[in-house]
>>> print(open('query.txt').read())   # compact mmCIF, C-alpha atoms (C1' of nucleotides)
# COMPACT_ATOMS: atom_id res chain seq x y z
CA MET A 1 118.17 113.53 106.55
CA ASN A 2 115.22 112.45 108.65
CA ALA A 3 114.39 108.77 108.29
CA ASP A 4 110.62 109.20 108.08
CA ALA A 5 110.90 111.70 105.26
CA LEU A 6 112.47 109.07 103.03
CA ARG A 7 109.60 106.73 103.52
CA GLY A 8 107.75 106.00 100.32
CA HIS A 9 110.49 107.51 98.17
CA MET A 10 113.08 104.79 98.54
CA ASP A 11 111.70 102.83 95.60
CA ALA A 12 111.98 105.82 93.30
CA LEU A 13 115.57 106.41 94.39
CA LEU A 14 116.61 102.81 93.81
CA LEU A 15 114.89 102.54 90.45
CA SER A 16 116.35 105.85 89.34
CA VAL A 17 119.90 104.89 90.23
CA LEU A 18 119.51 101.67 88.27
CA GLU A 19 118.12 103.38 85.21
CA ARG A 20 121.44 103.87 83.42
CA GLU A 21 123.27 100.72 84.42
CA PRO A 22 122.86 97.67 86.60
CA LEU A 23 124.55 97.94 89.99
CA HIS A 24 124.95 95.87 93.13
CA GLY A 25 123.67 96.99 96.53
CA TYR A 26 126.84 98.47 97.88
CA ALA A 27 127.43 100.43 94.68
CA ILE A 28 123.84 101.70 94.82
CA ILE A 29 124.44 103.15 98.27
CA GLU A 30 127.57 104.91 97.01
CA ALA A 31 125.76 106.20 93.93
CA LEU A 32 122.98 107.65 96.09
CA ARG A 33 125.52 109.37 98.29
CA GLU A 34 127.42 110.81 95.35
CA ARG A 35 124.44 111.93 93.30
CA SER A 36 122.89 113.68 96.31
CA GLY A 37 126.09 115.44 97.25
CA GLY A 38 126.38 113.46 100.46
CA ALA A 39 122.86 114.20 101.69
CA LEU A 40 121.63 110.63 101.22
CA ASP A 41 123.50 108.05 103.26
CA VAL A 42 121.19 105.08 103.32
CA PRO A 43 122.07 102.20 105.65
CA THR A 44 122.49 98.67 104.34
CA GLY A 45 119.62 97.50 106.51
CA THR A 46 117.36 99.70 104.43
CA VAL A 47 118.73 99.03 100.96
CA TYR A 48 119.10 95.27 100.90
CA PRO A 49 115.58 94.46 102.06
CA ALA A 50 114.21 97.13 99.71
CA LEU A 51 116.02 95.60 96.74
CA ARG A 52 114.58 92.20 97.62
CA ARG A 53 111.14 93.70 97.87
CA LEU A 54 111.45 95.36 94.45
CA GLU A 55 112.73 92.11 92.99
CA ARG A 56 109.78 90.20 94.41
CA ALA A 57 107.51 92.84 92.88
CA GLY A 58 109.11 92.23 89.49
CA LEU A 59 110.58 95.74 89.13
CA LEU A 60 114.16 94.53 89.44
CA ALA A 61 115.98 91.40 88.36
CA GLY A 62 118.91 90.31 90.52
CA GLU A 63 121.77 88.06 89.58
CA TRP A 64 124.71 86.73 91.56
CA ALA A 65 128.17 87.49 90.28
CA ALA A 66 131.64 86.78 91.61
CA ASP A 67 134.41 89.35 91.71
CA GLY A 68 137.32 87.23 92.87
CA GLY A 69 136.12 85.69 96.11
CA ARG A 70 133.49 88.38 96.66
CA ARG A 71 129.88 87.68 95.89
CA ARG A 72 127.75 90.45 94.50
CA ARG A 73 124.12 90.59 93.64
CA THR A 74 123.69 92.87 90.66
CA TYR A 75 120.27 94.31 89.97
CA ARG A 76 118.88 95.62 86.71
CA LEU A 77 115.60 97.31 85.87
CA THR A 78 112.96 95.14 84.26
CA ASP A 79 110.51 96.59 81.76
CA LEU A 80 107.98 96.71 84.53
CA GLY A 81 110.52 98.55 86.68
CA ARG A 82 111.12 101.07 83.94
CA ARG A 83 107.43 101.81 83.71
CA ALA A 84 107.26 102.01 87.51
CA LEU A 85 110.08 104.54 87.49
CA ALA A 86 108.14 106.76 85.13
CA GLY A 87 105.20 106.53 87.51
CA GLU A 88 107.41 107.33 90.48
CA ARG A 89 108.78 110.41 88.74
CA SER A 90 105.30 111.61 87.99
CA ALA A 91 104.20 110.92 91.56
CA TRP A 92 107.23 112.80 92.88
CA ARG A 93 106.27 115.89 90.88
CA SER A 94 102.69 115.74 92.15
CA PHE A 95 103.93 115.22 95.68
CA THR A 96 106.36 118.15 95.74
CA SER A 97 103.79 120.33 94.05
CA ALA A 98 101.13 119.50 96.63
CA ILE A 99 103.36 119.92 99.68
CA GLY A 100 105.03 122.95 98.17
CA SER A 101 101.72 124.67 97.57
CA VAL A 102 101.00 124.40 101.28
CA LEU A 103 104.48 125.19 102.55
CA ASP A 104 105.24 128.04 100.18
CA PRO A 105 101.89 129.52 99.21
CA LEU A 106 103.56 132.65 97.81
CA ARG A 107 105.29 130.86 94.98
CA MET B 1 98.59 110.66 97.15
CA ASN B 2 100.43 107.68 98.57
CA ALA B 3 100.19 107.42 102.36
CA ASP B 4 103.84 106.61 102.95
CA ALA B 5 105.00 109.61 100.96
CA LEU B 6 103.36 111.95 103.45
CA ARG B 7 105.20 110.42 106.32
CA GLY B 8 107.47 112.85 108.11
CA HIS B 9 105.96 115.84 106.32
CA MET B 10 102.66 116.00 108.18
CA ASP B 11 104.07 118.24 110.89
CA ALA B 12 105.30 120.78 108.37
CA LEU B 13 101.89 120.83 106.68
CA LEU B 14 99.98 121.38 109.91
CA LEU B 15 102.34 124.06 111.18
CA SER B 16 102.26 125.83 107.84
CA VAL B 17 98.47 125.92 107.66
CA LEU B 18 98.33 127.42 111.15
CA GLU B 19 100.92 130.08 110.38
CA ARG B 20 98.46 132.79 109.35
CA GLU B 21 95.58 132.10 111.68
CA PRO B 22 94.47 129.63 114.33
CA LEU B 23 92.17 126.89 113.05
CA HIS B 24 90.41 123.83 114.39
CA GLY B 25 91.06 120.32 113.10
CA TYR B 26 88.26 120.05 110.61
CA ALA B 27 89.09 123.45 109.13
CA ILE B 28 92.74 122.41 108.86
CA ILE B 29 91.75 119.42 106.76
CA GLU B 30 89.73 121.68 104.47
CA ALA B 31 92.55 124.21 104.24
CA LEU B 32 95.01 121.48 103.25
CA ARG B 33 92.63 120.27 100.56
CA GLU B 34 92.04 123.74 99.19
CA ARG B 35 95.63 124.95 99.26
CA SER B 36 96.82 121.78 97.52
CA GLY B 37 94.16 121.96 94.83
CA GLY B 38 92.50 118.80 96.13
CA ALA B 39 95.67 116.69 96.15
CA LEU B 40 95.85 116.47 99.92
CA ASP B 41 92.85 114.82 101.53
CA VAL B 42 94.09 113.85 104.96
CA PRO B 43 91.85 111.59 107.06
CA THR B 44 90.72 112.66 110.52
CA GLY B 45 92.47 109.66 112.03
CA THR B 46 95.72 111.21 110.89
CA VAL B 47 95.11 114.85 111.74
CA TYR B 48 93.63 114.70 115.22
CA PRO B 49 96.35 112.51 116.75
CA ALA B 50 99.01 114.58 114.97
CA LEU B 51 97.61 117.80 116.43
CA ARG B 52 97.70 116.26 119.89
CA ARG B 53 101.25 115.18 119.35
CA LEU B 54 102.33 118.65 118.25
CA GLU B 55 100.54 120.14 121.23
CA ARG B 56 102.33 117.78 123.61
CA ALA B 57 105.58 118.79 121.95
CA GLY B 58 104.80 122.43 122.65
CA LEU B 59 104.58 123.49 119.00
CA LEU B 60 100.85 124.13 119.14
CA ALA B 61 98.48 125.43 121.80
CA GLY B 62 94.91 124.13 121.70
CA GLU B 63 91.83 125.66 123.22
CA TRP B 64 88.23 124.50 123.37
CA ALA B 65 85.57 126.79 121.93
CA ALA B 66 81.83 126.43 121.45
CA ASP B 67 80.02 127.32 118.23
CA GLY B 68 76.42 126.81 119.23
CA GLY B 69 76.25 123.23 120.46
CA ARG B 70 79.37 122.23 118.58
CA ARG B 71 82.66 121.89 120.33
CA ARG B 72 85.80 122.87 118.54
CA ARG B 73 89.41 122.68 119.52
CA THR B 74 91.25 125.59 117.96
CA TYR B 75 95.01 125.39 117.62
CA ARG B 76 97.50 128.20 117.29
CA LEU B 77 101.24 128.21 116.69
CA THR B 78 103.42 128.79 119.72
CA ASP B 79 106.74 130.60 119.42
CA LEU B 80 108.42 127.21 119.51
CA GLY B 81 106.09 126.06 116.75
CA ARG B 82 107.00 129.06 114.63
CA ARG B 83 110.67 128.26 114.96
CA ALA B 84 109.94 124.62 114.20
CA LEU B 85 108.11 125.66 111.04
CA ALA B 86 111.16 127.55 109.84
CA GLY B 87 113.21 124.40 110.43
CA GLU B 88 110.66 122.27 108.59
CA ARG B 89 110.76 124.59 105.58
CA SER B 90 114.52 124.41 105.50
CA ALA B 91 114.42 120.63 105.83
CA TRP B 92 111.87 120.43 103.02
CA ARG B 93 114.16 122.32 100.67
CA SER B 94 117.10 120.05 101.52
CA PHE B 95 114.90 117.01 101.11
CA THR B 96 113.51 117.92 97.68
CA SER B 97 116.94 118.94 96.54
CA ALA B 98 118.49 115.62 97.58
CA ILE B 99 115.77 113.42 96.09
CA GLY B 100 115.50 115.63 93.02
CA SER B 101 119.20 115.36 92.31
CA VAL B 102 118.83 111.59 92.14
CA LEU B 103 115.52 111.48 90.28
CA ASP B 104 116.29 114.21 87.74
CA PRO B 105 120.07 114.25 87.38
CA LEU B 106 119.84 116.36 84.22
CA ARG B 107 118.46 119.40 85.94
C1' DA C 1 151.44 86.69 111.32
C1' DG C 2 148.10 89.73 113.11
C1' DC C 3 145.29 93.78 112.74
C1' DC C 4 142.58 97.17 110.58
C1' DT C 5 139.78 99.14 107.04
C1' DA C 6 137.05 98.87 102.97
C1' DC C 7 134.07 96.03 100.41
C1' DA C 8 129.79 93.17 100.30
C1' DT C 9 125.43 90.97 101.78
C1' DA C 10 121.90 89.76 105.02
C1' DT C 11 118.49 89.28 108.95
C1' DA C 12 115.96 90.14 113.42
C1' DG C 13 113.62 93.17 115.98
C1' DA C 14 112.39 97.96 117.35
C1' DC C 15 110.00 102.03 116.27
C1' DA C 16 106.93 105.42 114.63
C1' DG C 17 103.57 107.47 112.09
C1' DC C 18 99.85 107.17 108.91
C1' DC C 19 95.70 104.64 107.84
C1' DT C 20 91.05 102.20 108.25
C1' DA C 21 87.23 101.60 110.85
C1' DC C 22 84.45 102.76 114.27
C1' DA C 23 82.11 105.72 117.78
C1' DT C 24 79.76 109.91 119.10
C1' DA C 25 77.19 114.24 118.55
C1' DT C 26 75.15 118.78 116.55
C1' DA C 27 73.09 121.61 112.63
C1' DG C 28 70.53 122.25 108.77
C1' DA C 29 68.24 120.82 104.42
C1' DC C 30 64.61 118.21 102.30
C1' DG D 1 62.57 111.43 109.92
C1' DT D 2 66.43 110.97 107.18
C1' DC D 3 70.43 112.45 105.15
C1' DT D 4 74.50 115.14 104.70
C1' DA D 5 77.88 118.19 106.44
C1' DT D 6 80.26 119.57 110.44
C1' DA D 7 83.25 118.14 114.33
C1' DT D 8 86.27 115.30 117.40
C1' DG D 9 88.31 111.20 118.93
C1' DT D 10 90.36 106.26 119.73
C1' DA D 11 91.90 101.38 118.84
C1' DG D 12 94.37 98.58 116.18
C1' DG D 13 96.79 97.40 111.94
C1' DC D 14 100.23 98.01 108.59
C1' DT D 15 104.68 98.71 106.67
C1' DG D 16 108.84 100.59 105.67
C1' DT D 17 112.93 102.50 107.69
C1' DC D 18 116.39 102.04 111.20
C1' DT D 19 119.76 99.92 114.62
C1' DA D 20 122.36 96.27 115.75
C1' DT D 21 124.39 92.19 114.68
C1' DA D 22 126.41 88.53 111.82
C1' DT D 23 129.34 86.72 108.16
C1' DG D 24 133.08 86.75 104.95
C1' DT D 25 136.79 88.52 101.34
C1' DA D 26 140.60 91.73 99.88
C1' DG D 27 144.32 94.49 100.67
C1' DG D 28 147.38 97.58 103.27
C1' DC D 29 150.24 98.26 107.27
C1' DT D 30 153.36 96.91 110.92
>>> encode(input="query.txt", output="structure tokens")
Amino acid sequence: MNADALRGHMDALLLSVLEREPLHGYAIIEALRERSGGALDVPTGTVYPALRRLERAGLLAGEWAADGGRRRRTYRLTDLGRRALAGERSAWRSFTSAIGSVLDPLR
Amino acid sequence: MNADALRGHMDALLLSVLEREPLHGYAIIEALRERSGGALDVPTGTVYPALRRLERAGLLAGEWAADGGRRRRTYRLTDLGRRALAGERSAWRSFTSAIGSVLDPLR
DNA sequence: AGCCTACATATAGACAGCCTACATATAGAC
DNA sequence: GTCTATATGTAGGCTGTCTATATGTAGGCT
């Protein structure tokens, strides 16, 4: 998976993965890998800053938790994040439709 | 259309538009707008450098032409560009499939 | 005890491509 | 003469993703 292609879609992926249940960063990376059948293997250096960014934007709420000696920061969708996810889904459909109409004009 | 979303897909769009017939930059912009139903309105500051880049990479061949006093640089796909387009189409399918499987897990 | 792997988070800096804004010039309509 | 459409191009900014590095716990293996 080309890095540039992901650009601008990371937010949608993160919000979508957090839709059903709150997860911490490492679990999010695993969820993305599993749900994409291995196609999405996003590095930690991408995910952690992105989660912070979404938290600053008010789309996610993060909370520290301890699992034994391990510290985890678990993120959940805020109401604003839920609305943003709906927008991202809609934008994704428009995006694929627009690019698709150019790439596969026969469809 | 969000600017970041386009990132990494510009090449595929340009190659695809030039698949049927050679076109110059301005006409490419119009073709993208028309074929996408107005969704894609790519600024000249994006297209012209991208065309140069693809030419340097050997995917396009450009040639100056005169239409009256106007100068135009018409680009056509090279054989390498045609092969690259096939790769871009394949990558696009993988990409939409991967993101789609995360965004719409019910499908 | 010592080592390795998996789990878990984080930051600094590099990189690349798309954008805005600007610059230039012709053609044709009004 | 002015305006709009046509036509190309560059400089510089922005920003999000990546690589590389750092830190530390837990648990298995030898």
>>> closest_atom_pairs(input="query.txt", of="chain D", to="chain A", cutoff="10 Å", atoms="only C-alpha atoms (C1' of nucleotides)", output="JSON lines")
{"residue": "D:DT15", "atom": "C1'", "partner": "A:Arg7", "partner_atom": "CA", "distance": 9.9}
{"residue": "D:DG16", "atom": "C1'", "partner": "A:Arg7", "partner_atom": "CA", "distance": 6.5}
{"residue": "D:DT17", "atom": "C1'", "partner": "A:Thr46", "partner_atom": "CA", "distance": 6.2}
{"residue": "D:DC18", "atom": "C1'", "partner": "A:Thr46", "partner_atom": "CA", "distance": 7.2}
{"residue": "D:DT19", "atom": "C1'", "partner": "A:Gly45", "partner_atom": "CA", "distance": 8.5}
{"residue": "D:DA20", "atom": "C1'", "partner": "A:Gly45", "partner_atom": "CA", "distance": 9.7}
{"residue": "D:DG24", "atom": "C1'", "partner": "A:Arg70", "partner_atom": "CA", "distance": 8.5}
{"residue": "D:DT25", "atom": "C1'", "partner": "A:Arg70", "partner_atom": "CA", "distance": 5.7}
{"residue": "D:DA26", "atom": "C1'", "partner": "A:Gly69", "partner_atom": "CA", "distance": 8.4}
>>> interface_residues(input="query.txt", of="chain C", to="chain A", cutoff="9 Å", atoms="all atoms listed in the file", output="list in words")
DC7, DA8, DT9, DA10, DT11, DA16 and DG17 of chain C
>>> interface_residues(input="query.txt", of="chain B", to="chain A", cutoff="12 Å", atoms="only C-alpha atoms", output="number ranges by chain")
B: 1-20, 28-29, 31-41, 85-106
>>> atom_distance(input="query.txt", atom1="C1' of DT24 in chain C", atom2="C1' of DA11 in chain D")
14.8 Å
>>> atom_distance(input="query.txt", atom1="C1' of DG9 in chain D", atom2="CA of Arg53 in chain B")
13.5 Å
>>> atom_distance(input="query.txt", atom1="CA of Ala84 in chain B", atom2="CA of Gly58 in chain B")
10.1 Å
>>> decode(input="query.txt", residues="chain C", atoms="C-alpha atoms (C1' of nucleotides)", output="compact mmCIF listing (two decimals), in the first residue's frame")
# COMPACT_ATOMS: atom_id res chain seq x y z
C1' DA C 1 20.09 -14.70 35.08
C1' DG C 2 20.09 -13.20 30.46
C1' DC C 3 17.94 -12.85 26.02
C1' DC C 4 14.33 -12.41 22.81
C1' DT C 5 9.80 -11.31 21.22
C1' DA C 6 5.40 -9.19 21.69
C1' DC C 7 3.04 -5.43 23.62
C1' DA C 8 2.61 -0.32 24.11
C1' DT C 9 3.48 4.66 23.46
C1' DA C 10 5.91 8.59 21.73
C1' DT C 11 8.83 12.12 19.20
C1' DA C 12 12.12 14.26 15.77
C1' DG C 13 13.09 14.98 11.32
C1' DA C 14 12.75 13.75 6.35
C1' DC C 15 10.05 13.66 2.34
C1' DA C 16 6.84 14.46 -1.22
C1' DG C 17 3.07 16.09 -3.48
C1' DC C 18 -0.75 19.15 -3.74
C1' DC C 19 -2.10 23.90 -3.12
C1' DT C 20 -2.25 29.16 -3.32
C1' DA C 21 -0.65 32.98 -5.45
C1' DC C 22 1.52 35.10 -8.86
C1' DA C 23 3.39 35.93 -13.59
C1' DT C 24 2.89 35.96 -18.55
C1' DA C 25 0.56 35.94 -23.05
C1' DT C 26 -3.04 35.24 -26.96
C1' DA C 27 -7.95 35.24 -28.80
C1' DG C 28 -12.37 36.78 -29.07
C1' DA C 29 -16.60 39.08 -27.35
C1' DC C 30 -18.80 43.32 -26.05
